[in-house]
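Below is data25.csv, holding CSV, C-alpha atoms.
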```csv
chain,number,residue,atom,x,y,z
P,30,MET,CA,41.7,-46.0,0.2
P,31,LYS,CA,40.8,-48.0,-2.9
P,32,LYS,CA,39.4,-50.7,-0.7
P,33,ASP,CA,36.7,-48.4,0.6
P,34,ASN,CA,33.4,-49.5,-0.8
P,35,PRO,CA,32.4,-47.0,-3.5
P,36,LYS,CA,28.7,-47.7,-2.9
P,37,ILE,CA,28.9,-46.7,0.8
P,38,VAL,CA,30.9,-43.6,-0.1
P,39,LEU,CA,28.4,-42.6,-2.8
P,40,MET,CA,25.5,-43.4,-0.4
P,41,PHE,CA,27.0,-41.2,2.2
P,42,PHE,CA,27.5,-38.2,-0.1
P,43,SER,CA,24.0,-38.8,-1.5
P,44,ILE,CA,22.7,-38.4,2.0
P,45,ILE,CA,24.5,-35.1,2.2
P,46,VAL,CA,23.0,-33.9,-1.1
P,47,GLY,CA,19.6,-35.1,0.1
P,48,ILE,CA,19.8,-33.1,3.3
P,49,PHE,CA,20.7,-30.0,1.4
P,50,ILE,CA,17.8,-30.5,-1.1
P,51,ALA,CA,15.4,-31.1,1.7
P,52,THR,CA,16.5,-28.0,3.5
P,53,GLN,CA,16.2,-26.0,0.3
P,54,ILE,CA,12.7,-27.3,-0.3
P,55,LYS,CA,11.7,-26.7,3.3
P,56,MET,CA,12.3,-23.0,2.8
P,57,LYS,CA,9.5,-22.8,0.2
P,58,LEU,CA,11.5,-20.4,-2.0
P,59,GLU,CA,9.9,-18.4,-4.7
P,60,MET,CA,11.3,-18.9,-8.2
P,61,TYR,CA,14.5,-17.1,-8.5
P,62,VAL,CA,14.1,-14.5,-11.3
P,63,PRO,CA,16.1,-11.4,-12.2
P,64,VAL,CA,14.7,-8.4,-10.4
P,65,THR,CA,13.9,-5.5,-12.7
P,66,VAL,CA,13.4,-1.9,-11.6
P,67,LYS,CA,9.8,-2.1,-12.8
P,68,SER,CA,9.0,-5.2,-10.7
P,69,LEU,CA,10.7,-3.5,-7.7
P,70,GLN,CA,8.5,-0.5,-8.1
P,71,MET,CA,5.4,-2.6,-8.6
P,72,THR,CA,6.2,-4.6,-5.4
P,73,LYS,CA,6.8,-1.3,-3.6
P,74,ALA,CA,3.4,0.1,-4.7
P,75,GLU,CA,1.8,-3.2,-3.7
P,76,VAL,CA,3.4,-3.1,-0.2
P,77,LEU,CA,2.4,0.5,0.2
P,78,SER,CA,-1.2,-0.1,-0.7
P,79,VAL,CA,-1.4,-3.1,1.5
P,80,ASN,CA,0.1,-1.1,4.3
P,81,ASN,CA,-2.5,1.6,3.7
P,82,GLU,CA,-5.2,-1.0,3.8
P,83,ILE,CA,-3.9,-2.3,7.1
P,84,SER,CA,-3.8,1.1,8.7
P,85,GLU,CA,-7.4,1.7,7.4
P,86,MET,CA,-8.5,-1.6,8.9
P,87,ASN,CA,-6.8,-0.7,12.2
P,88,LYS,CA,-8.7,2.5,12.3
P,89,VAL,CA,-11.9,0.6,11.6
P,90,ILE,CA,-11.0,-1.9,14.4
P,91,LYS,CA,-10.4,0.9,16.8
P,92,GLN,CA,-13.7,2.6,15.9
P,93,LYS,CA,-15.6,-0.7,16.3
P,94,GLU,CA,-13.9,-1.3,19.6
P,95,GLU,CA,-15.0,2.0,20.9
P,96,GLU,CA,-18.5,1.2,19.7
P,97,LEU,CA,-18.3,-2.1,21.4
P,98,LYS,CA,-17.2,-0.4,24.6
P,99,LEU,CA,-20.1,1.9,24.4
P,100,LEU,CA,-22.5,-1.0,23.9
P,101,GLU,CA,-20.9,-2.9,26.7
P,102,ASN,CA,-21.4,0.1,29.0
P,103,ILE,CA,-25.0,0.2,28.0
P,104,ALA,CA,-25.3,-3.5,28.8
P,105,GLN,CA,-23.7,-2.9,32.2
P,106,GLY,CA,-26.0,0.0,32.9
P,107,ASP,CA,-23.1,2.5,33.3
P,108,ASN,CA,-24.4,4.7,30.5
P,109,ASN,CA,-28.0,5.5,30.1
P,110,ILE,CA,-29.4,4.8,26.7
P,111,ILE,CA,-30.9,8.3,26.7
P,112,ASP,CA,-27.5,9.9,27.2
P,113,ILE,CA,-26.2,7.9,24.3
P,114,LEU,CA,-29.1,8.9,22.1
P,115,ILE,CA,-28.6,12.5,23.1
P,116,GLU,CA,-25.0,12.2,22.2
P,117,ASP,CA,-26.0,10.8,18.9
P,118,ILE,CA,-28.4,13.6,18.2
P,119,LYS,CA,-25.7,16.1,19.0
P,120,HIS,CA,-23.3,14.4,16.6
P,121,ASN,CA,-26.0,14.3,13.8
P,122,LYS,CA,-26.9,17.9,14.4
P,123,PHE,CA,-23.3,18.9,14.2
P,124,HIS,CA,-22.8,17.1,11.0
P,125,SER,CA,-26.0,18.3,9.4
P,126,GLY,CA,-25.2,21.9,10.2
P,127,ARG,CA,-27.9,22.6,12.8
P,128,THR,CA,-25.5,23.4,15.6
P,129,ASP,CA,-23.9,26.8,16.3
P,130,LEU,CA,-20.2,26.4,15.7
P,131,LYS,CA,-17.2,28.3,17.1
P,132,GLY,CA,-13.7,28.3,15.8
P,133,PRO,CA,-10.9,30.3,14.1
P,134,GLY,CA,-11.8,31.7,10.7
P,135,ILE,CA,-12.3,34.9,8.8
P,136,ILE,CA,-15.1,37.5,8.5
P,137,ILE,CA,-15.7,39.2,5.2
P,138,THR,CA,-17.7,42.3,5.0
P,139,MET,CA,-19.0,43.2,1.5
P,140,TYR,CA,-20.9,46.3,0.6
P,141,ASP,CA,-21.6,48.1,-2.6
P,142,ASN,CA,-19.2,50.7,-4.0
P,143,PRO,CA,-19.3,53.4,-1.5
P,144,GLU,CA,-17.8,56.1,-3.6
P,145,GLU,CA,-19.7,58.3,-5.9
P,146,ARG,CA,-17.1,57.8,-8.6
P,147,MET,CA,-18.1,55.0,-10.9
P,148,PRO,CA,-15.3,53.1,-12.4
P,149,GLY,CA,-17.6,51.6,-15.1
P,150,PHE,CA,-20.4,53.0,-17.1
P,151,ASP,CA,-22.8,50.4,-15.8
P,152,ILE,CA,-24.4,50.7,-12.3
P,153,ASN,CA,-24.4,46.9,-12.2
P,154,ASP,CA,-20.6,47.0,-11.8
P,155,ASP,CA,-20.9,48.8,-8.6
P,156,VAL,CA,-23.3,46.6,-6.7
P,157,ILE,CA,-22.8,43.1,-5.3
P,158,HIS,CA,-24.6,40.4,-7.1
P,159,ASP,CA,-25.6,36.9,-6.1
P,160,ILE,CA,-22.9,35.5,-8.4
P,161,ASP,CA,-20.2,37.5,-6.6
P,162,ILE,CA,-21.2,35.9,-3.3
P,163,LEU,CA,-21.3,32.5,-4.9
P,164,HIS,CA,-17.8,32.9,-6.2
P,165,ILE,CA,-16.5,34.0,-2.8
P,166,LEU,CA,-18.3,31.0,-1.2
P,167,ASN,CA,-16.8,28.6,-3.6
P,168,ASP,CA,-13.3,30.1,-3.0
P,169,LEU,CA,-13.8,29.7,0.7
P,170,LYS,CA,-15.0,26.1,0.3
P,171,ILE,CA,-11.9,25.3,-1.8
P,172,ALA,CA,-9.8,26.7,0.9
P,173,GLY,CA,-11.3,24.2,3.3
P,174,ALA,CA,-14.0,26.3,5.1
P,175,GLU,CA,-15.9,24.0,7.5
P,176,ALA,CA,-18.8,26.2,8.2
P,177,ILE,CA,-20.0,29.3,6.4
P,178,SER,CA,-22.7,31.8,7.2
P,179,ILE,CA,-24.0,34.9,5.4
P,180,ASN,CA,-25.7,37.5,7.5
P,181,GLY,CA,-26.5,34.9,10.1
P,182,GLU,CA,-27.8,32.3,7.7
P,183,ARG,CA,-25.9,29.1,7.7
P,184,VAL,CA,-24.9,28.0,4.2
P,185,LEU,CA,-25.6,24.4,3.7
P,186,SER,CA,-25.5,22.2,0.6
P,187,THR,CA,-29.2,23.1,-0.1
P,188,SER,CA,-28.8,26.8,0.6
P,189,GLU,CA,-29.7,29.0,-2.3
P,190,ILE,CA,-28.1,32.3,-3.1
P,191,LYS,CA,-30.8,34.1,-5.1
P,192,CYS,CA,-30.8,37.6,-6.5
P,193,GLY,CA,-33.7,39.6,-5.3
P,194,GLY,CA,-33.1,43.0,-6.7
P,195,PRO,CA,-31.1,45.0,-4.2
P,196,THR,CA,-31.2,42.1,-1.8
P,197,ILE,CA,-30.1,38.6,-1.8
P,198,ARG,CA,-32.1,35.6,-0.6
P,199,ILE,CA,-30.4,32.9,1.4
P,200,ASN,CA,-32.3,30.0,2.9
P,201,GLY,CA,-35.5,31.7,1.9
P,202,ARG,CA,-34.7,34.9,3.9
P,203,SER,CA,-33.8,38.2,2.3
P,204,SER,CA,-30.8,40.1,3.4
P,205,ALA,CA,-29.3,43.4,2.2
P,206,THR,CA,-25.9,44.9,2.2
P,207,PRO,CA,-23.6,44.8,4.0
P,208,PHE,CA,-23.1,41.1,3.6
P,209,VAL,CA,-21.1,39.6,6.5
P,210,ILE,CA,-19.7,36.2,5.5
P,211,LYS,CA,-18.3,34.2,8.3
P,212,ALA,CA,-16.2,31.1,7.6
P,213,ILE,CA,-14.6,28.7,10.1
P,214,GLY,CA,-11.4,27.1,8.9
P,215,ASP,CA,-7.7,27.7,8.6
P,216,PRO,CA,-7.7,31.5,8.9
P,217,LYS,CA,-4.5,31.9,6.8
P,218,LEU,CA,-5.8,29.7,4.0
P,219,LEU,CA,-9.2,31.4,4.0
P,220,TYR,CA,-7.7,34.8,4.1
P,221,ALA,CA,-5.5,34.0,1.1
P,222,SER,CA,-8.3,32.4,-0.8
P,223,VAL,CA,-10.2,35.7,-1.0
P,224,SER,CA,-7.5,38.3,-0.9
P,225,ALA,CA,-4.5,36.9,-2.8
P,226,PRO,CA,-3.8,38.7,-6.1
P,227,ASN,CA,-6.1,37.6,-8.9
P,228,THR,CA,-8.6,35.9,-6.7
P,229,TYR,CA,-12.2,36.8,-7.1
P,230,GLY,CA,-12.2,38.8,-3.9
P,231,ASP,CA,-9.2,40.8,-5.0
P,232,ILE,CA,-10.7,41.6,-8.3
P,233,LEU,CA,-14.0,42.7,-6.7
P,234,LYS,CA,-12.1,45.0,-4.3
P,235,ASN,CA,-9.5,46.5,-6.5
P,236,LEU,CA,-11.0,46.4,-10.0
P,237,TYR,CA,-14.7,47.0,-9.3
P,238,ASN,CA,-14.0,49.1,-6.2
P,239,ILE,CA,-16.6,47.2,-4.2
P,240,GLY,CA,-16.3,47.3,-0.4
P,241,PHE,CA,-14.5,44.1,0.6
P,242,GLU,CA,-13.0,43.8,4.0
P,243,VAL,CA,-11.4,40.7,5.3
P,244,GLU,CA,-10.5,40.0,8.9
P,245,SER,CA,-9.1,36.9,10.3
P,246,GLU,CA,-10.1,36.1,13.9
P,247,ASP,CA,-9.2,33.6,16.5
P,248,SER,CA,-12.8,32.8,17.4
P,249,ILE,CA,-15.9,33.4,15.4
P,250,GLU,CA,-19.3,32.0,15.8
P,251,VAL,CA,-21.3,30.5,12.9
P,252,PRO,CA,-25.0,29.9,13.7
P,253,GLY,CA,-26.7,26.6,12.9
P,254,PHE,CA,-29.3,26.1,10.1
P,255,ARG,CA,-32.7,27.2,11.4
P,256,GLY,CA,-35.0,26.2,8.6
P,257,ILE,CA,-36.7,22.9,7.8
P,258,THR,CA,-35.4,20.5,5.3
P,259,ASN,CA,-38.1,18.5,3.5
P,260,PHE,CA,-37.3,15.7,1.2
P,261,LYS,CA,-40.2,15.4,-1.2
P,262,TYR,CA,-38.6,13.6,-4.0
P,263,ALA,CA,-35.4,12.1,-2.7
P,264,LYS,CA,-35.6,8.8,-0.9
P,265,PRO,CA,-32.7,7.0,0.7
P,266,VAL,CA,-31.4,4.0,-1.3
P,267,GLY,CA,-31.0,0.8,0.6
P,268,LYS,CA,-30.6,0.7,4.4
P,269,GLY,CA,-27.7,3.1,4.5
P,270,ASP,CA,-25.4,3.1,7.5
F,25,MET,CA,19.8,-52.9,-10.3
F,26,ILE,CA,20.7,-52.1,-6.7
F,27,LYS,CA,23.9,-50.5,-8.0
F,28,LEU,CA,21.9,-47.6,-9.5
F,29,PHE,CA,19.5,-47.2,-6.6
F,30,PHE,CA,21.9,-46.8,-3.7
F,31,ALA,CA,22.4,-43.2,-4.6
F,32,LEU,CA,18.7,-42.6,-5.0
F,33,ILE,CA,18.1,-44.3,-1.6
F,34,GLY,CA,20.8,-42.2,-0.1
F,35,ILE,CA,19.2,-39.0,-1.4
F,36,LEU,CA,15.8,-40.1,-0.1
F,37,ILE,CA,17.3,-40.9,3.4
F,38,GLY,CA,19.0,-37.5,3.3
F,39,ALA,CA,15.8,-35.8,2.4
F,40,VAL,CA,14.0,-37.4,5.3
F,41,ILE,CA,16.8,-36.3,7.6
F,42,GLY,CA,16.8,-32.8,6.2
F,43,PHE,CA,13.1,-32.5,6.7
F,44,ILE,CA,13.4,-33.7,10.3
F,45,LEU,CA,16.3,-31.5,11.2
F,46,PRO,CA,15.1,-28.1,12.4
F,47,TYR,CA,18.1,-26.3,10.8
F,48,THR,CA,17.6,-23.7,8.0
F,49,TYR,CA,19.9,-21.1,6.6
F,50,ASN,CA,19.5,-17.6,5.5
F,51,THR,CA,17.3,-17.1,2.5
F,52,ALA,CA,20.0,-14.9,0.9
F,53,TYR,CA,22.2,-17.9,0.4
F,54,SER,CA,19.6,-20.0,-1.3
F,55,LEU,CA,20.9,-19.3,-4.8
F,56,TYR,CA,24.4,-20.4,-3.9
F,57,ILE,CA,23.2,-23.5,-2.1
F,58,SER,CA,21.0,-24.3,-5.1
F,59,VAL,CA,24.0,-24.2,-7.5
F,60,ALA,CA,26.1,-26.1,-5.0
F,61,ILE,CA,23.5,-28.8,-4.8
F,62,LEU,CA,23.5,-29.1,-8.6
F,63,ALA,CA,27.3,-29.5,-8.5
F,64,CYS,CA,27.1,-32.1,-5.8
F,65,LEU,CA,24.4,-34.0,-7.7
F,66,ASP,CA,26.7,-34.0,-10.7
F,67,SER,CA,29.5,-35.3,-8.6
F,68,VAL,CA,27.3,-38.1,-7.3
F,69,PHE,CA,26.2,-39.1,-10.8
F,70,GLY,CA,29.8,-39.0,-11.9
F,71,GLY,CA,30.7,-41.2,-9.0
F,72,ILE,CA,28.0,-43.7,-10.0
F,73,ARG,CA,29.3,-43.8,-13.5
F,74,ALA,CA,32.9,-44.2,-12.4
F,75,ASN,CA,31.7,-47.0,-10.1
F,76,LEU,CA,30.1,-48.8,-13.0
F,77,GLU,CA,33.2,-48.3,-15.1
F,78,LYS,CA,35.2,-49.7,-12.2
F,79,ASN,CA,37.6,-46.8,-12.0
F,80,PHE,CA,36.0,-45.1,-8.9
F,81,ASN,CA,38.6,-43.1,-7.0
F,82,ILE,CA,37.5,-41.8,-3.7
F,83,ASN,CA,39.9,-38.9,-3.6
F,84,ILE,CA,38.8,-37.7,-7.0
F,85,PHE,CA,35.2,-38.1,-6.0
F,86,ILE,CA,35.5,-36.3,-2.7
F,87,SER,CA,37.6,-33.4,-4.1
F,88,GLY,CA,35.1,-33.1,-7.0
F,89,PHE,CA,32.1,-33.2,-4.7
F,90,PHE,CA,33.3,-30.4,-2.5
F,91,GLY,CA,35.4,-28.5,-5.0
F,92,ASN,CA,32.6,-28.3,-7.6
F,93,ALA,CA,30.1,-27.3,-5.0
F,94,ALA,CA,32.4,-24.6,-3.6
F,95,LEU,CA,33.3,-23.3,-7.1
F,96,ALA,CA,29.7,-23.2,-8.2
F,97,ALA,CA,28.6,-21.3,-5.1
F,98,PHE,CA,31.6,-19.0,-5.4
F,99,LEU,CA,30.7,-18.3,-9.1
F,100,ALA,CA,27.1,-17.6,-8.1
F,101,TYR,CA,28.3,-15.2,-5.4
F,102,LEU,CA,30.8,-13.5,-7.7
F,103,GLY,CA,28.1,-13.1,-10.3
F,104,ASP,CA,25.8,-11.5,-7.8
F,105,ARG,CA,28.6,-9.0,-6.8
F,106,LEU,CA,29.4,-8.2,-10.4
F,107,GLY,CA,25.9,-8.0,-11.6
F,108,VAL,CA,26.4,-10.8,-14.2
F,109,PRO,CA,24.5,-14.0,-13.7
F,110,LEU,CA,27.6,-16.1,-13.6
F,111,TYR,CA,25.8,-19.0,-12.0
F,112,TYR,CA,24.4,-19.8,-15.4
F,113,ALA,CA,27.9,-21.1,-16.2
F,114,ALA,CA,27.6,-23.6,-13.3
F,115,ILE,CA,24.0,-24.5,-14.2
F,116,PHE,CA,24.8,-25.2,-17.8
F,117,THR,CA,28.0,-27.1,-17.1
F,118,PHE,CA,26.8,-29.2,-14.3
F,119,GLY,CA,23.3,-29.6,-15.8
F,120,GLY,CA,24.8,-30.8,-19.1
F,121,ARG,CA,27.2,-33.1,-17.4
F,122,LEU,CA,24.5,-34.5,-15.2
F,123,PHE,CA,22.6,-35.6,-18.3
F,124,GLU,CA,25.7,-36.9,-19.9
F,125,ASN,CA,26.6,-38.9,-16.9
F,126,PHE,CA,23.1,-40.2,-16.7
F,127,ALA,CA,23.2,-41.3,-20.4
F,128,GLN,CA,26.4,-43.1,-19.8
F,129,ILE,CA,25.0,-44.8,-16.7
F,130,ARG,CA,21.9,-45.9,-18.7
F,131,ARG,CA,24.0,-47.3,-21.4
F,132,LYS,CA,26.3,-49.1,-19.1
F,133,LEU,CA,23.5,-50.7,-17.2
F,134,LEU,CA,21.4,-51.7,-20.2
F,135,VAL,CA,24.4,-53.1,-22.0
F,136,LYS,CA,25.5,-55.0,-18.9
F,137,ARG,CA,22.1,-56.5,-18.6
F,138,LYS,CA,22.1,-57.6,-22.2
F,139,GLU,CA,25.5,-59.3,-21.6
F,140,SER,CA,24.4,-61.0,-18.4
F,141,ASN,CA,21.2,-62.2,-20.1
```
With the file now loaded, output its structure as structure tokens.
Amino acid sequence: MKKDNPKIVLMFFSIIVGIFIATQIKMKLEMYVPVTVKSLQMTKAEVLSVNNEISEMNKVIKQKEEELKLLENIAQGDNNIIDILIEDIKHNKFHSGRTDLKGPGIIITMYDNPEERMPGFDINDDVIHDIDILHILNDLKIAGAEAISINGERVLSTSEIKCGGPTIRINGRSSATPFVIKAIGDPKLLYASVSAPNTYGDILKNLYNIGFEVESEDSIEVPGFRGITNFKYAKPVGKGD
Amino acid sequence: MIKLFFALIGILIGAVIGFILPYTYNTAYSLYISVAILACLDSVFGGIRANLEKNFNINIFISGFFGNAALAAFLAYLGDRLGVPLYYAAIFTFGGRLFENFAQIRRKLLVKRKESN
């Protein structure tokens, strides 16, 4: 044994060490550091956000693919450009609130205190005011109402609710009691938003004794906006999308 | 000088072979392998030193080479299981000895050179 050349033995084992080192280097390892809970959580959050980003991007890709398909169809002559523009108009009208809409929702009928008995000393407590309507509208919007109309007037972001003595002006048109508010959305949520204890609707009904009837329906129709929107001061910034 | 460099040349040859071989192992074992590599390197340096001192024993060398590597990897594994970084023991021991061996080798080589001059 002792006659074995130490150099060759050493060389042989050096080769073994070299192979292991090279394999280790090849794996491109990160520095080995102790993993703390904080770093774990941070990495977790990072992974989550990246995953979210990926899913968002996938959605965008899908959307763009659909658009591309549409454009390809146009190029092939399968779809008429006019049809597509009409489709576009429909889409825009729908989103700008100019289309009649149908869907599940609730109908609220509000009228002034019908009883002769006055709970308060002030007559103002017994009639419906613009601010009452506004509060109810806001409650409905919070509950996720997608389309709202009052006495057949669609409520848009520019719609005003103006007090006009015994009447209320919406979209420049006066209407009087009873006010019928139609809202499309999740009927249960909408119903709860105006009739749950301590909501504004509940207070109106039970404290001020104002006529307030809520019905949830499977299918109600909300008319589209019929007026004209003029932008006198506002101008779009940039090209937009 | 060739006496010092045969180990280095061996490591280089091994590195080339390792890069060429398609074989890799599970990343989970990388810590154990790292510590084992350190132990092996220490053994090789020890071997070089013993060779220079002319008391190289192949049995001692081989048993040290594999025994140290196995023990170091086992320590690292045990430390992982116990939640205590026991591989530090191996790193400090073998790292320290590596430098010690290297210092001895340097001295031997330089002194020898002086004598031969």
Interface residues on chain F facing chain P, 8 Å, all atoms listed in the file, written as an mmCIF file with C-alpha atoms, in the coordinates of the input:
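Final output, saved to result.cif:
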```cif
data_model
loop_
_atom_site.group_PDB
_atom_site.id
_atom_site.type_symbol
_atom_site.label_atom_id
_atom_site.label_comp_id
_atom_site.auth_asym_id
_atom_site.auth_seq_id
_atom_site.Cartn_x
_atom_site.Cartn_y
_atom_site.Cartn_z
ATOM 1 C CA LYS F 27 23.900 -50.500 -8.000
ATOM 2 C CA PHE F 30 21.900 -46.800 -3.700
ATOM 3 C CA ALA F 31 22.400 -43.200 -4.600
ATOM 4 C CA LEU F 32 18.700 -42.600 -5.000
ATOM 5 C CA ILE F 33 18.100 -44.300 -1.600
ATOM 6 C CA GLY F 34 20.800 -42.200 -0.100
ATOM 7 C CA ILE F 35 19.200 -39.000 -1.400
ATOM 8 C CA LEU F 36 15.800 -40.100 -0.100
ATOM 9 C CA ILE F 37 17.300 -40.900 3.400
ATOM 10 C CA GLY F 38 19.000 -37.500 3.300
ATOM 11 C CA ALA F 39 15.800 -35.800 2.400
ATOM 12 C CA VAL F 40 14.000 -37.400 5.300
ATOM 13 C CA ILE F 41 16.800 -36.300 7.600
ATOM 14 C CA GLY F 42 16.800 -32.800 6.200
ATOM 15 C CA PHE F 43 13.100 -32.500 6.700
ATOM 16 C CA TYR F 47 18.100 -26.300 10.800
ATOM 17 C CA THR F 48 17.600 -23.700 8.000
ATOM 18 C CA THR F 51 17.300 -17.100 2.500
ATOM 19 C CA SER F 54 19.600 -20.000 -1.300
ATOM 20 C CA LEU F 55 20.900 -19.300 -4.800
ATOM 21 C CA ILE F 57 23.200 -23.500 -2.100
ATOM 22 C CA SER F 58 21.000 -24.300 -5.100
ATOM 23 C CA ILE F 61 23.500 -28.800 -4.800
ATOM 24 C CA CYS F 64 27.100 -32.100 -5.800
ATOM 25 C CA LEU F 65 24.400 -34.000 -7.700
ATOM 26 C CA VAL F 68 27.300 -38.100 -7.300
ATOM 27 C CA GLY F 71 30.700 -41.200 -9.000
ATOM 28 C CA ILE F 72 28.000 -43.700 -10.000
ATOM 29 C CA ASN F 75 31.700 -47.000 -10.100
ATOM 30 C CA PHE F 80 36.000 -45.100 -8.900
ATOM 31 C CA ASN F 81 38.600 -43.100 -7.000
ATOM 32 C CA ILE F 82 37.500 -41.800 -3.700
#
```
Practice problem: In Å, rounded to a single decimal, give me how far CA of Val223 (chain P) is from CA of Leu163 (chain P). | Solution: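 Going from CA of Leu163 (chain P) over to CA of Val223 (chain P) covers 12.2 Å.
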Quiz item: Using only C-alpha atoms, which residues sit within 12 Å of Leu76 (chain F) once same-chain residues fewer than 3 positions away are excluded, as number ranges by chain?
Solution: P: 35-36; F: 25-28, 69-73, 79-81, 125-126, 128-136
Exercise. Could you jot down the CA of Leu114 (chain P) to CA of Gln92 (chain P) separation for me, Å, one decimal place?
Key: 17.8 Å
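Between Ser248 (chain P) and the residues P:Pro265, P:Pro133, P:Pro226, P:Glu189, the shortest atom-to-atom distance, using all atoms listed in the file, involves P:Pro133.
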Quiz item: What does the distance between CA of Thr138 (chain P) and CA of Ile190 (chain P) come to in Å, to one decimal place?
Solution: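 These atoms are spaced 16.5 Å apart.
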Quiz item: Which one of P:Ala176, P:Leu219, P:Ile83, P:Ile113 sits closest to Glu96 (chain P) if you count all atoms listed in the file?
Solution: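 Result for the nearest residue to Glu96 (chain P): P:Ile113.
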Quiz item: If we count only C-alpha atoms, what is near Phe116 (chain F) at a cut-off of 12 Å, once residues fewer than 5 positions away on the same chain are taken out, given as a list in words?
Solution: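 In the requested format, the answer is Val59, Leu62, Ala63, Asp66, Ala96, Pro109, Leu110, Tyr111, Arg121, Leu122, Phe123 and Glu124 of chain F.
Nearest-residue note for Pro252 (chain P): choosing from P:Gly230, P:Gly194, P:Gly181, P:Gly132, the minimum distance belongs to P:Gly181, counting only C-alpha atoms.
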N, CA and C atoms are needed for region 245-258 of chain P; please write them out as a short mmCIF file (atom, residue, chain, number, x, y, z; two decimals), in the frame of the given file.
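The resulting file, result.cif, is shown below:
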```
data_model
loop_
_atom_site.label_atom_id
_atom_site.label_comp_id
_atom_site.auth_asym_id
_atom_site.auth_seq_id
_atom_site.Cartn_x
_atom_site.Cartn_y
_atom_site.Cartn_z
N SER P 245 -9.18 38.22 9.80
CA SER P 245 -9.10 36.90 10.30
C SER P 245 -9.15 36.96 11.87
N GLU P 246 -9.92 36.05 12.45
CA GLU P 246 -10.10 36.10 13.90
C GLU P 246 -9.86 34.76 14.53
N ASP P 247 -9.55 34.81 15.81
CA ASP P 247 -9.20 33.60 16.50
C ASP P 247 -10.50 32.78 16.82
N SER P 248 -11.58 33.50 17.03
CA SER P 248 -12.80 32.80 17.40
C SER P 248 -14.00 33.52 16.83
N ILE P 249 -14.68 32.83 15.92
CA ILE P 249 -15.90 33.40 15.40
C ILE P 249 -17.02 32.38 15.57
N GLU P 250 -18.22 32.90 15.58
CA GLU P 250 -19.30 32.00 15.80
C GLU P 250 -20.18 31.94 14.50
N VAL P 251 -20.49 30.73 14.08
CA VAL P 251 -21.30 30.50 12.90
C VAL P 251 -22.61 29.87 13.39
N PRO P 252 -23.76 30.49 13.18
CA PRO P 252 -25.00 29.90 13.70
C PRO P 252 -25.39 28.65 12.90
N GLY P 253 -26.20 27.85 13.53
CA GLY P 253 -26.70 26.60 12.90
C GLY P 253 -27.82 26.96 11.91
N PHE P 254 -28.17 25.98 11.10
CA PHE P 254 -29.30 26.10 10.10
C PHE P 254 -30.58 26.09 10.90
N ARG P 255 -31.46 27.08 10.64
CA ARG P 255 -32.70 27.20 11.40
C ARG P 255 -33.92 26.70 10.65
N GLY P 256 -33.79 26.50 9.37
CA GLY P 256 -35.00 26.20 8.60
C GLY P 256 -35.37 24.71 8.69
N ILE P 257 -36.25 24.33 7.82
CA ILE P 257 -36.70 22.90 7.80
C ILE P 257 -36.28 22.34 6.47
N THR P 258 -35.73 21.15 6.52
CA THR P 258 -35.40 20.50 5.30
C THR P 258 -36.42 19.39 5.01
#
```
